[in-house]
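Single-structure report; data block below.
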Amino acid sequence: MTIRDISTDNVNALNSSVVRPILFARMDFGSGVKRFHTEVGPRTATTVLYGAELYLGIGAFGGISGDIKETVSAAPEGVQLSLTGVDPAMIADATTDDYHRRDVDILFGFDDINGELIDDPVIVWSGYMDHAVISLGQSMGELTLVCESRGTNGRGRSDLRFTDEDKQAANSGDLAGEYVFRMVDLQLKWGGDQVAAGGGRGLNFRIAGA
């Protein structure tokens, strides 16, 4: 998040002598989106991406660990979302729900002296839910949701070999790779001489007998 992403009202709240921050977490589970905030009671928050949505207040029962910051490093920064000491029914769905690699967003805003949002919160971190550590008791439950940054997308390796079969699987009728496999041992005439195309790195031509 940079200063250009925050509205003037939120900047003024950040710079005031008394700061009342509030965090929102939006998690896209397979059964539906779950939304929480770090104050008490239901709260409506509006963002450019999702519009106006209702967030459930969990107060001191919720927490976020991990640094949420801008960095010039290529290393992606992950976070952990925690929910403790609550009714097990609130988190039981996480034991069977589909959440791996699904979206999670963290929003940041400020309250005024009356406990109302000064302005719309801003999304300060986006990533994916990775895995959860869940403890369910008879009267209380605990959930720690480990989330990874979208920066991890750059760590994956592609299994594509850019062969004709791969091109056809991605886009039926795509003939861009139709003759690729023939280029390794291709023999052709270059002027009056026999020429081979190969070498494994681009098209390296050599004249037979040279």
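Lettering and numbering for the structure tokens are positional, with chains as A, B, ... in the shown order, residues counted from 1 in each chain, and ligands counted from 1 in the shown order.
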For Ile113 in chain A: contacts at 12 Å, only C-alpha atoms, fewer than 2 positions along chain excluded, given as number ranges by chain: A: 13, 16, 18-21, 110-111, 115-118
Requested write-out: C-alpha atoms of the selected residues, as a PDB file, in the first residue's frame:
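Output file selection.pdb is given in full below:
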ATOM      1  CA  ALA A  13      -6.818   9.857  10.225  1.00  0.00           C
ATOM      2  CA  SER A  16      -3.911  12.384  13.669  1.00  0.00           C
ATOM      3  CA  VAL A  18      -5.354   9.436  18.031  1.00  0.00           C
ATOM      4  CA  VAL A  19      -5.484   6.574  15.516  1.00  0.00           C
ATOM      5  CA  ARG A  20      -8.289   4.007  15.534  1.00  0.00           C
ATOM      6  CA  PRO A  21      -7.326   1.342  12.961  1.00  0.00           C
ATOM      7  CA  PHE A 110      -9.917   3.902  10.355  1.00  0.00           C
ATOM      8  CA  ASP A 111     -12.785   4.593  12.733  1.00  0.00           C
ATOM      9  CA  GLY A 115     -16.848   4.044  15.933  1.00  0.00           C
ATOM     10  CA  GLU A 116     -17.818   4.713  12.323  1.00  0.00           C
ATOM     11  CA  LEU A 117     -15.552   4.252   9.322  1.00  0.00           C
ATOM     12  CA  ILE A 118     -14.012   7.555   8.287  1.00  0.00           C
TER      13      ILE A 118
END
Residues near Ala132 in chain A, cut-off 12 Å, only C-alpha atoms, skip fewer than 4 positions along chain, as a ChimeraX atom specification: /A:80-83,91-101,128,142-148
Interatomic distance, CA of Ala45 in chain A to CA of Gly63 in chain A (Å, one decimal): 18.5 Å
Nearest candidate to Tyr179 in chain A (options A:Asn10, A:Thr38, A:Thr163, A:Thr44; using only C-alpha atoms):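 The answer is A:Thr163, which sits nearest to Tyr179 in chain A.
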Distance criterion (only C-alpha atoms): nearest to Gly177 in chain A out of A:Asp119, A:Asp28, A:Glu53, A:Asp164: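 Result for the nearest residue to Gly177 in chain A: A:Asp164.
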Proximity to Ser31 in chain A - best of A:Arg102, A:Ala176, A:Asp130, A:Gln187, only C-alpha atoms: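 Checking each candidate against Ser31 in chain A, we get A:Arg102 as the closest.
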Given only C-alpha atoms as the counted atoms, nearest of A:Val104, A:Met183, A:Ile6, A:Val11 to Pro121 in chain A: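 Once distances to Pro121 in chain A are computed over only C-alpha atoms, the minimum belongs to A:Ile6.
Here CA of Ile106 in chain A is placed at a distance of 11.9 Å from CA of Met129 in chain A.
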